[in-house]
Amino acid sequence: MLKTDILIIGSGISGLFFAMKTAKKRPDLSIVIMTKETAKNTNTQLAQGGIAVVTDLIKDSFNKHIHDTLRSGGGLCDREVVNMVIKQAPERLRELIEIGASFDKNEKGQWDLGLEGGHSQHRILHHKDSSGQEIEQKLLKMIKKMPNIELLENHMVIDLNTETKKAKTTCTG
Ligand SMILES: Cc1cc2nc3c(=O)[nH]c(=O)nc-3n(C[C@H](O)[C@H](O)[C@H](O)COP(=O)(O)OP(=O)(O)OC[C@H]3O[C@@H](n4cnc5c(N)ncnc54)[C@H](O)[C@@H]3O)c2cc1C
């Protein structure tokens, strides 16, 4: 039977980022990432356009990004979550760059910011048209170097119970 301190399901940006940050903070804990197919078979890998982050505080602002997001969300967004995500985005971007993810710059050496639907400002950082692939690859590379993380591919979590029962998994590989 497999035992671990922390079980993470999924090897997209959220699972890998959480695993990487937790492993750094708590090297005493064991972490297992289970993912139902190959590690890179995720929506993250498919993302093309890029990441919306306020990087130009002269033309853009957190308030503009928040306003655009709430308007595009048509009343369905949780304002507090929108605030948190947008204000923390520059810091998350810095962490991605630290692990080697690269984003395109223009001839002046500034971020080559794209404009996408719903955004009133150019604020999309991208890596060519394969931003997700760039992020997924760099995160996987980092995860594989961390001794307290085990990545199990072709493991589908099919019945997750807490407290009374244990998670069942099936190996699809
Ligand atoms: C074609 C496309 C283009 C996109 N373009 C952009 C873009 O330009 N900008 C942007 O911000 N967002 C974009 N997105 C959205 C973005 O990709 C997702 O919001 C983001 O990648 C979600 O990351 P995640 O880690 O939460 O999930 P995912 O990357 O989807 O990862 C989920 C993981 O969970 C695993 N999993 C699921 N169920 C189980 C199970 N039962 N057992 C084991 N493993 C399981 C999957 O195999 C996978 O590894 C795009 C999405 C698509 C599909």
# chains A, B, ... in the order shown; residues from 1 in each chain; ligands from 1
call {"tool": "closest_atom_pairs", "arguments": {"of": "chain A", "to": "ligand 1", "cutoff": "8 Å", "atoms": "only C-alpha atoms and all ligand atoms", "output": "Markdown table"}}
result
| residue | atom | partner | partner_atom_place_in_ligand_line | distance |
| --- | --- | --- | --- | --- |
| A:Ile9 | CA | ligand 1 | 44 (N) | 5.1 |
| A:Gly10 | CA | ligand 1 | 34 (O) | 3.2 |
| A:Ser11 | CA | ligand 1 | 49 (O) | 3.8 |
| A:Gly12 | CA | ligand 1 | 25 (O) | 3.4 |
| A:Ile13 | CA | ligand 1 | 25 (O) | 3.9 |
| A:Ser14 | CA | ligand 1 | 25 (O) | 3.8 |
| A:Gly15 | CA | ligand 1 | 25 (O) | 5.5 |
| A:Leu16 | CA | ligand 1 | 25 (O) | 7.4 |
| A:Met34 | CA | ligand 1 | 43 (C) | 5.5 |
| A:Thr35 | CA | ligand 1 | 44 (N) | 3.6 |
| A:Lys36 | CA | ligand 1 | 43 (C) | 3.9 |
| A:Glu37 | CA | ligand 1 | 47 (O) | 5.4 |
| A:Thr38 | CA | ligand 1 | 47 (O) | 7.4 |
| A:Ala39 | CA | ligand 1 | 49 (O) | 6.1 |
| A:Lys40 | CA | ligand 1 | 49 (O) | 6.9 |
| A:Asn41 | CA | ligand 1 | 49 (O) | 6.1 |
| A:Thr42 | CA | ligand 1 | 29 (O) | 4.2 |
| A:Asn43 | CA | ligand 1 | 29 (O) | 3.9 |
| A:Thr44 | CA | ligand 1 | 21 (O) | 3.1 |
| A:Gln45 | CA | ligand 1 | 29 (O) | 6.7 |
| A:Leu46 | CA | ligand 1 | 1 (C) | 4.8 |
| A:Ala47 | CA | ligand 1 | 5 (N) | 3.3 |
| A:Gln48 | CA | ligand 1 | 8 (O) | 4.4 |
| A:Gly49 | CA | ligand 1 | 8 (O) | 3.3 |
| A:Gly50 | CA | ligand 1 | 8 (O) | 4.2 |
| A:Ile51 | CA | ligand 1 | 11 (O) | 4.9 |
| A:Ala52 | CA | ligand 1 | 11 (O) | 6.8 |
| A:Ser131 | CA | ligand 1 | 8 (O) | 7.2 |
| A:Gly132 | CA | ligand 1 | 17 (O) | 6.7 |
| A:Asn154 | CA | ligand 1 | 43 (C) | 7.7 |
| A:His155 | CA | ligand 1 | 43 (C) | 5.7 |
| A:Met156 | CA | ligand 1 | 42 (N) | 3.6 |
| A:Val157 | CA | ligand 1 | 42 (N) | 3.8 |
| A:Ile158 | CA | ligand 1 | 41 (N) | 5.6 |
| A:Thr169 | CA | ligand 1 | 42 (N) | 7.7 |
call {"tool": "write_last_selection", "arguments": {"atoms": "N, CA, C and O atoms", "output": "CSV table (one decimal), in the first residue's frame"}}
result
chain,number,residue,atom,x,y,z
A,9,ILE,N,-3.6,15.5,-6.7
A,9,ILE,CA,-4.2,14.9,-7.9
A,9,ILE,C,-4.1,15.8,-9.0
A,9,ILE,O,-4.7,16.9,-9.0
A,10,GLY,N,-3.4,15.4,-10.1
A,10,GLY,CA,-3.3,16.3,-11.2
A,10,GLY,C,-1.9,16.9,-11.4
A,10,GLY,O,-1.3,17.4,-10.4
A,11,SER,N,-1.4,16.9,-12.6
A,11,SER,CA,-0.1,17.5,-12.9
A,11,SER,C,-0.2,18.7,-13.9
A,11,SER,O,0.7,18.9,-14.7
A,12,GLY,N,-1.2,19.5,-13.7
A,12,GLY,CA,-1.3,20.8,-14.4
A,12,GLY,C,-0.6,21.8,-13.6
A,12,GLY,O,0.1,21.5,-12.6
A,13,ILE,N,-0.8,23.1,-14.0
A,13,ILE,CA,-0.1,24.2,-13.2
A,13,ILE,C,-0.4,24.2,-11.8
A,13,ILE,O,0.5,24.4,-10.9
A,14,SER,N,-1.7,23.9,-11.4
A,14,SER,CA,-2.1,24.1,-10.0
A,14,SER,C,-1.4,22.9,-9.2
A,14,SER,O,-0.8,23.2,-8.1
A,15,GLY,N,-1.5,21.7,-9.6
A,15,GLY,CA,-0.9,20.6,-8.9
A,15,GLY,C,0.6,20.7,-8.8
A,15,GLY,O,1.2,20.5,-7.7
A,16,LEU,N,1.3,21.0,-9.9
A,16,LEU,CA,2.7,21.1,-9.9
A,16,LEU,C,3.2,22.3,-9.1
A,16,LEU,O,4.2,22.1,-8.3
A,34,MET,N,-0.5,12.2,-8.3
A,34,MET,CA,-1.0,11.2,-9.2
A,34,MET,C,-1.7,11.9,-10.3
A,34,MET,O,-2.5,12.8,-10.1
A,35,THR,N,-1.5,11.4,-11.5
A,35,THR,CA,-2.2,12.0,-12.6
A,35,THR,C,-2.6,10.9,-13.6
A,35,THR,O,-2.0,9.8,-13.7
A,36,LYS,N,-3.8,11.1,-14.2
A,36,LYS,CA,-4.5,10.0,-14.8
A,36,LYS,C,-3.9,9.5,-16.2
A,36,LYS,O,-4.1,8.4,-16.6
A,37,GLU,N,-3.1,10.4,-16.8
A,37,GLU,CA,-2.5,10.1,-18.0
A,37,GLU,C,-1.0,10.4,-17.9
A,37,GLU,O,-0.4,10.3,-16.8
A,38,THR,N,-0.3,10.7,-19.0
A,38,THR,CA,1.1,11.1,-18.9
A,38,THR,C,1.1,12.5,-18.2
A,38,THR,O,0.1,13.2,-18.3
A,39,ALA,N,2.2,12.8,-17.6
A,39,ALA,CA,2.3,14.0,-16.8
A,39,ALA,C,1.9,15.3,-17.5
A,39,ALA,O,1.2,16.2,-17.0
A,40,LYS,N,2.3,15.4,-18.8
A,40,LYS,CA,2.1,16.6,-19.5
A,40,LYS,C,0.7,16.7,-20.2
A,40,LYS,O,0.4,17.6,-20.9
A,41,ASN,N,-0.1,15.6,-20.1
A,41,ASN,CA,-1.4,15.6,-20.7
A,41,ASN,C,-2.4,16.3,-19.9
A,41,ASN,O,-3.2,15.8,-19.2
A,42,THR,N,-2.3,17.7,-20.0
A,42,THR,CA,-3.1,18.6,-19.2
A,42,THR,C,-3.7,19.7,-20.0
A,42,THR,O,-3.2,20.0,-21.1
A,43,ASN,N,-4.6,20.4,-19.4
A,43,ASN,CA,-5.1,21.6,-20.1
A,43,ASN,C,-4.0,22.7,-20.1
A,43,ASN,O,-3.8,23.5,-21.0
A,44,THR,N,-3.2,22.6,-19.0
A,44,THR,CA,-2.1,23.6,-18.9
A,44,THR,C,-1.2,23.5,-20.1
A,44,THR,O,-0.8,24.6,-20.7
A,45,GLN,N,-0.8,22.3,-20.5
A,45,GLN,CA,0.0,22.1,-21.7
A,45,GLN,C,-0.6,22.7,-23.0
A,45,GLN,O,0.1,23.2,-23.8
A,46,LEU,N,-1.9,22.7,-23.0
A,46,LEU,CA,-2.6,23.2,-24.3
A,46,LEU,C,-2.8,24.7,-24.3
A,46,LEU,O,-3.0,25.3,-25.4
A,47,ALA,N,-2.6,25.4,-23.2
A,47,ALA,CA,-2.9,26.8,-23.1
A,47,ALA,C,-1.9,27.6,-24.1
A,47,ALA,O,-0.7,27.3,-24.0
A,48,GLN,N,-2.5,28.4,-24.9
A,48,GLN,CA,-1.6,29.1,-25.9
A,48,GLN,C,-1.4,30.6,-25.6
A,48,GLN,O,-0.3,31.1,-25.5
A,49,GLY,N,-2.5,31.3,-25.4
A,49,GLY,CA,-2.5,32.8,-25.4
A,49,GLY,C,-1.5,33.4,-24.4
A,49,GLY,O,-0.8,34.3,-24.7
A,50,GLY,N,-1.5,32.9,-23.2
A,50,GLY,CA,-0.6,33.4,-22.1
A,50,GLY,C,-1.3,33.7,-20.8
A,50,GLY,O,-2.5,33.3,-20.6
A,51,ILE,N,-0.6,34.5,-20.0
A,51,ILE,CA,-1.1,34.8,-18.7
A,51,ILE,C,-1.3,36.3,-18.5
A,51,ILE,O,-0.4,37.1,-18.8
A,52,ALA,N,-2.5,36.6,-18.0
A,52,ALA,CA,-2.8,38.1,-17.8
A,52,ALA,C,-2.2,38.5,-16.4
A,52,ALA,O,-2.6,38.0,-15.4
A,131,SER,N,2.5,29.1,-24.5
A,131,SER,CA,2.8,29.5,-23.1
A,131,SER,C,2.6,28.4,-22.1
A,131,SER,O,3.4,28.2,-21.2
A,132,GLY,N,1.5,27.7,-22.3
A,132,GLY,CA,1.2,26.6,-21.3
A,132,GLY,C,2.3,25.5,-21.4
A,132,GLY,O,2.7,25.0,-20.3
A,154,ASN,N,-0.4,7.8,-15.2
A,154,ASN,CA,-1.4,6.7,-15.5
A,154,ASN,C,-2.0,6.2,-14.2
A,154,ASN,O,-2.3,5.0,-14.1
A,155,HIS,N,-2.3,7.0,-13.3
A,155,HIS,CA,-3.0,6.7,-12.0
A,155,HIS,C,-4.2,7.5,-11.9
A,155,HIS,O,-4.1,8.7,-11.7
A,156,MET,N,-5.4,6.9,-12.1
A,156,MET,CA,-6.6,7.7,-12.1
A,156,MET,C,-7.2,7.5,-10.7
A,156,MET,O,-7.5,6.4,-10.2
A,157,VAL,N,-7.5,8.6,-10.0
A,157,VAL,CA,-8.2,8.6,-8.7
A,157,VAL,C,-9.7,8.4,-9.0
A,157,VAL,O,-10.3,9.2,-9.7
A,158,ILE,N,-10.2,7.3,-8.5
A,158,ILE,CA,-11.6,7.0,-8.8
A,158,ILE,C,-12.6,7.2,-7.7
A,158,ILE,O,-13.8,7.3,-7.9
A,169,THR,N,-7.3,4.1,-6.1
A,169,THR,CA,-6.8,4.5,-7.4
A,169,THR,C,-6.7,3.3,-8.3
A,169,THR,O,-6.6,2.2,-7.9
call {"tool": "select_by_dssp", "arguments": {"residues": "range 22-131 of chain A", "states": "strand (DSSP E)", "output": "list in words"}}
result
Ile31, Val32, Ile33, Met34, Ile51, Ala52, Ile124 and Leu125 of chain A
call {"tool": "closest_atom_pairs", "arguments": {"of": "range 48-69 of chain A", "to": "range 79-101 of chain A", "cutoff": "9 Å", "atoms": "only C-alpha atoms", "output": "CSV"}}
result
residue,atom,partner,partner_atom,distance
A:Ile51,CA,A:Leu93,CA,8.6
A:Ala52,CA,A:Ala89,CA,8.1
A:Val53,CA,A:Ala89,CA,5.7
A:Val54,CA,A:Pro90,CA,6.9
A:Thr55,CA,A:Pro90,CA,6.9
A:Phe62,CA,A:Lys87,CA,6.5
A:Asn63,CA,A:Asn83,CA,8.7
A:His65,CA,A:Ile86,CA,7.2
A:Ile66,CA,A:Asn83,CA,6.5
A:Thr69,CA,A:Val82,CA,7.4
call {"tool": "residues_around", "arguments": {"residues": "Lys64 in chain A", "least_positions_apart": "3", "cutoff": "9 Å", "atoms": "only C-alpha atoms", "output": "list in words"}}
result
Asp60, Ser61, His67, Asp68, Thr69, His119, Ser120 and Gln121 of chain A
call {"tool": "closest_residue", "arguments": {"among": "A:Ser30, A:Gln110, A:Ser130, A:Ser72", "to": "Asn148 in chain A", "atoms": "only C-alpha atoms"}}
result
A:Ser30
call {"tool": "atom_distance", "arguments": {"atom1": "CA of Leu29 in chain A", "atom2": "CA of Ile8 in chain A"}}
result
12.8 Å
call {"tool": "select_by_dssp", "arguments": {"residues": "range 103-137 of chain A", "states": "alpha helix (DSSP H)", "output": "list of chain:residue names"}}
result
A:Ser131, A:Gly132, A:Gln133, A:Glu134, A:Ile135, A:Glu136, A:Gln137
call {"tool": "write_last_selection", "arguments": {"atoms": "C-alpha atoms", "output": "PDB file, in the first residue's frame"}}
result
ATOM      1  CA  SER A 131       2.799  29.539 -23.112  1.00  0.00           C
ATOM      2  CA  GLY A 132       1.229  26.583 -21.313  1.00  0.00           C
ATOM      3  CA  GLN A 133       3.733  24.122 -22.735  1.00  0.00           C
ATOM      4  CA  GLU A 134       6.591  26.346 -21.557  1.00  0.00           C
ATOM      5  CA  ILE A 135       5.184  26.525 -18.014  1.00  0.00           C
ATOM      6  CA  GLU A 136       4.302  22.804 -17.849  1.00  0.00           C
ATOM      7  CA  GLN A 137       7.779  21.764 -19.032  1.00  0.00           C
TER       8      GLN A 137
END
call {"tool": "atom_distance", "arguments": {"atom1": "CA of Val32 in chain A", "atom2": "CA of Met1 in chain A"}}
result
13.1 Å
call {"tool": "decode", "arguments": {"residues": "range 27-164 of chain A", "atoms": "C-alpha atoms", "output": "JSON list (two decimals), in the first residue's frame"}}
result
[["chain", "number", "residue", "atom", "x", "y", "z"],
["A", 27, "PRO", "CA", 11.19, 18.99, 2.97],
["A", 28, "ASP", "CA", 10.31, 16.64, 5.86],
["A", 29, "LEU", "CA", 7.00, 15.63, 4.20],
["A", 30, "SER", "CA", 6.53, 13.13, 1.40],
["A", 31, "ILE", "CA", 4.42, 14.25, -1.56],
["A", 32, "VAL", "CA", 2.85, 12.06, -4.23],
["A", 33, "ILE", "CA", 1.36, 13.53, -7.39],
["A", 34, "MET", "CA", -1.04, 11.18, -9.17],
["A", 35, "THR", "CA", -2.15, 11.97, -12.65],
["A", 36, "LYS", "CA", -4.48, 9.96, -14.84],
["A", 37, "GLU", "CA", -2.45, 10.06, -18.04],
["A", 38, "THR", "CA", 1.08, 11.12, -18.91],
["A", 39, "ALA", "CA", 2.29, 14.01, -16.77],
["A", 40, "LYS", "CA", 2.08, 16.62, -19.50],
["A", 41, "ASN", "CA", -1.36, 15.57, -20.73],
["A", 42, "THR", "CA", -3.13, 18.55, -19.15],
["A", 43, "ASN", "CA", -5.09, 21.63, -20.09],
["A", 44, "THR", "CA", -2.08, 23.61, -18.91],
["A", 45, "GLN", "CA", 0.04, 22.10, -21.70],
["A", 46, "LEU", "CA", -2.58, 23.21, -24.26],
["A", 47, "ALA", "CA", -2.89, 26.84, -23.13],
["A", 48, "GLN", "CA", -1.62, 29.09, -25.89],
["A", 49, "GLY", "CA", -2.48, 32.76, -25.37],
["A", 50, "GLY", "CA", -0.64, 33.44, -22.15],
["A", 51, "ILE", "CA", -1.07, 34.80, -18.67],
["A", 52, "ALA", "CA", -2.82, 38.06, -17.76],
["A", 53, "VAL", "CA", -0.69, 40.02, -15.29],
["A", 54, "VAL", "CA", -0.49, 43.76, -14.58],
["A", 55, "THR", "CA", 3.17, 44.56, -15.20],
["A", 56, "ASP", "CA", 2.91, 48.11, -16.52],
["A", 57, "LEU", "CA", 1.70, 50.29, -13.65],
["A", 58, "ILE", "CA", 1.82, 53.45, -15.79],
["A", 59, "LYS", "CA", -0.74, 52.48, -18.44],
["A", 60, "ASP", "CA", -2.43, 49.70, -16.47],
["A", 61, "SER", "CA", -3.50, 49.13, -12.85],
["A", 62, "PHE", "CA", -4.84, 46.36, -10.61],
["A", 63, "ASN", "CA", -8.15, 48.24, -10.47],
["A", 64, "LYS", "CA", -8.48, 48.19, -14.27],
["A", 65, "HIS", "CA", -7.75, 44.46, -14.38],
["A", 66, "ILE", "CA", -10.23, 43.82, -11.57],
["A", 67, "HIS", "CA", -12.87, 45.92, -13.34],
["A", 68, "ASP", "CA", -12.34, 44.06, -16.67],
["A", 69, "THR", "CA", -12.55, 40.69, -14.92],
["A", 70, "LEU", "CA", -15.73, 41.49, -12.99],
["A", 71, "ARG", "CA", -17.36, 42.89, -16.14],
["A", 72, "SER", "CA", -16.41, 39.84, -18.23],
["A", 73, "GLY", "CA", -17.60, 37.56, -15.42],
["A", 74, "GLY", "CA", -21.14, 38.91, -15.81],
["A", 75, "GLY", "CA", -21.83, 38.95, -12.07],
["A", 76, "LEU", "CA", -20.60, 35.42, -11.44],
["A", 77, "CYS", "CA", -17.16, 36.28, -10.02],
["A", 78, "ASP", "CA", -16.28, 36.26, -6.35],
["A", 79, "ARG", "CA", -14.89, 39.77, -5.91],
["A", 80, "GLU", "CA", -12.49, 38.75, -3.12],
["A", 81, "VAL", "CA", -11.00, 35.94, -5.20],
["A", 82, "VAL", "CA", -10.64, 38.24, -8.21],
["A", 83, "ASN", "CA", -8.83, 40.79, -6.03],
["A", 84, "MET", "CA", -6.51, 38.20, -4.56],
["A", 85, "VAL", "CA", -5.64, 36.53, -7.88],
["A", 86, "ILE", "CA", -4.98, 39.80, -9.70],
["A", 87, "LYS", "CA", -2.93, 41.39, -6.91],
["A", 88, "GLN", "CA", -0.83, 38.24, -6.38],
["A", 89, "ALA", "CA", -0.26, 37.67, -10.10],
["A", 90, "PRO", "CA", 3.05, 39.61, -10.36],
["A", 91, "GLU", "CA", 4.49, 37.54, -7.51],
["A", 92, "ARG", "CA", 3.33, 34.25, -9.09],
["A", 93, "LEU", "CA", 4.83, 35.41, -12.40],
["A", 94, "ARG", "CA", 8.14, 36.10, -10.65],
["A", 95, "GLU", "CA", 8.08, 32.54, -9.24],
["A", 96, "LEU", "CA", 7.50, 31.06, -12.70],
["A", 97, "ILE", "CA", 10.38, 33.09, -14.12],
["A", 98, "GLU", "CA", 12.59, 31.95, -11.24],
["A", 99, "ILE", "CA", 12.12, 28.31, -12.27],
["A", 100, "GLY", "CA", 13.05, 29.16, -15.85],
["A", 101, "ALA", "CA", 9.76, 29.89, -17.62],
["A", 102, "SER", "CA", 10.44, 32.50, -20.27],
["A", 103, "PHE", "CA", 8.07, 35.05, -21.74],
["A", 104, "ASP", "CA", 8.57, 37.01, -24.94],
["A", 105, "LYS", "CA", 9.98, 40.53, -24.96],
["A", 106, "ASN", "CA", 9.85, 43.17, -27.69],
["A", 107, "GLU", "CA", 12.81, 44.85, -29.41],
["A", 108, "LYS", "CA", 13.02, 47.37, -26.55],
["A", 109, "GLY", "CA", 13.48, 44.54, -24.05],
["A", 110, "GLN", "CA", 10.03, 45.10, -22.53],
["A", 111, "TRP", "CA", 7.38, 42.42, -22.10],
["A", 112, "ASP", "CA", 5.60, 41.78, -25.40],
["A", 113, "LEU", "CA", 2.14, 42.21, -23.90],
["A", 114, "GLY", "CA", -0.81, 40.83, -25.86],
["A", 115, "LEU", "CA", -4.37, 42.11, -25.84],
["A", 116, "GLU", "CA", -7.10, 39.52, -25.45],
["A", 117, "GLY", "CA", -10.90, 39.47, -25.27],
["A", 118, "GLY", "CA", -12.30, 41.17, -22.17],
["A", 119, "HIS", "CA", -9.09, 43.08, -21.42],
["A", 120, "SER", "CA", -9.02, 46.86, -21.84],
["A", 121, "GLN", "CA", -5.19, 46.90, -21.73],
["A", 122, "HIS", "CA", -2.32, 44.94, -23.20],
["A", 123, "ARG", "CA", -1.39, 42.68, -20.27],
["A", 124, "ILE", "CA", -0.97, 39.12, -21.60],
["A", 125, "LEU", "CA", 2.52, 37.66, -21.19],
["A", 126, "HIS", "CA", 3.17, 34.82, -23.57],
["A", 127, "HIS", "CA", 5.82, 32.40, -24.75],
["A", 128, "LYS", "CA", 5.33, 32.39, -28.53],
["A", 129, "ASP", "CA", 1.94, 30.67, -28.89],
["A", 130, "SER", "CA", 2.85, 27.85, -26.51],
["A", 131, "SER", "CA", 2.80, 29.54, -23.11],
["A", 132, "GLY", "CA", 1.23, 26.58, -21.31],
["A", 133, "GLN", "CA", 3.73, 24.12, -22.73],
["A", 134, "GLU", "CA", 6.59, 26.35, -21.56],
["A", 135, "ILE", "CA", 5.18, 26.52, -18.01],
["A", 136, "GLU", "CA", 4.30, 22.80, -17.85],
["A", 137, "GLN", "CA", 7.78, 21.76, -19.03],
["A", 138, "LYS", "CA", 9.62, 24.02, -16.57],
["A", 139, "LEU", "CA", 7.45, 22.91, -13.65],
["A", 140, "LEU", "CA", 7.90, 19.21, -14.52],
["A", 141, "LYS", "CA", 11.65, 19.69, -14.78],
["A", 142, "MET", "CA", 11.72, 21.27, -11.32],
["A", 143, "ILE", "CA", 9.44, 18.63, -9.75],
["A", 144, "LYS", "CA", 11.63, 15.79, -11.04],
["A", 145, "LYS", "CA", 14.64, 17.26, -9.22],
["A", 146, "MET", "CA", 12.88, 17.36, -5.84],
["A", 147, "PRO", "CA", 13.66, 14.28, -3.74],
["A", 148, "ASN", "CA", 10.48, 14.42, -1.63],
["A", 149, "ILE", "CA", 8.11, 14.39, -4.62],
["A", 150, "GLU", "CA", 7.05, 11.22, -6.43],
["A", 151, "LEU", "CA", 5.10, 11.61, -9.66],
["A", 152, "LEU", "CA", 2.86, 8.70, -10.64],
["A", 153, "GLU", "CA", 1.56, 8.79, -14.21],
["A", 154, "ASN", "CA", -1.37, 6.72, -15.47],
["A", 155, "HIS", "CA", -2.98, 6.68, -12.03],
["A", 156, "MET", "CA", -6.65, 7.66, -12.08],
["A", 157, "VAL", "CA", -8.17, 8.60, -8.74],
["A", 158, "ILE", "CA", -11.62, 7.04, -8.84],
["A", 159, "ASP", "CA", -13.02, 7.18, -5.33],
["A", 160, "LEU", "CA", -11.70, 9.76, -2.92],
["A", 161, "ASN", "CA", -12.94, 9.53, 0.64],
["A", 162, "THR", "CA", -11.69, 11.35, 3.67],
["A", 163, "GLU", "CA", -11.54, 10.34, 7.33],
["A", 164, "THR", "CA", -13.22, 6.93, 7.22]]
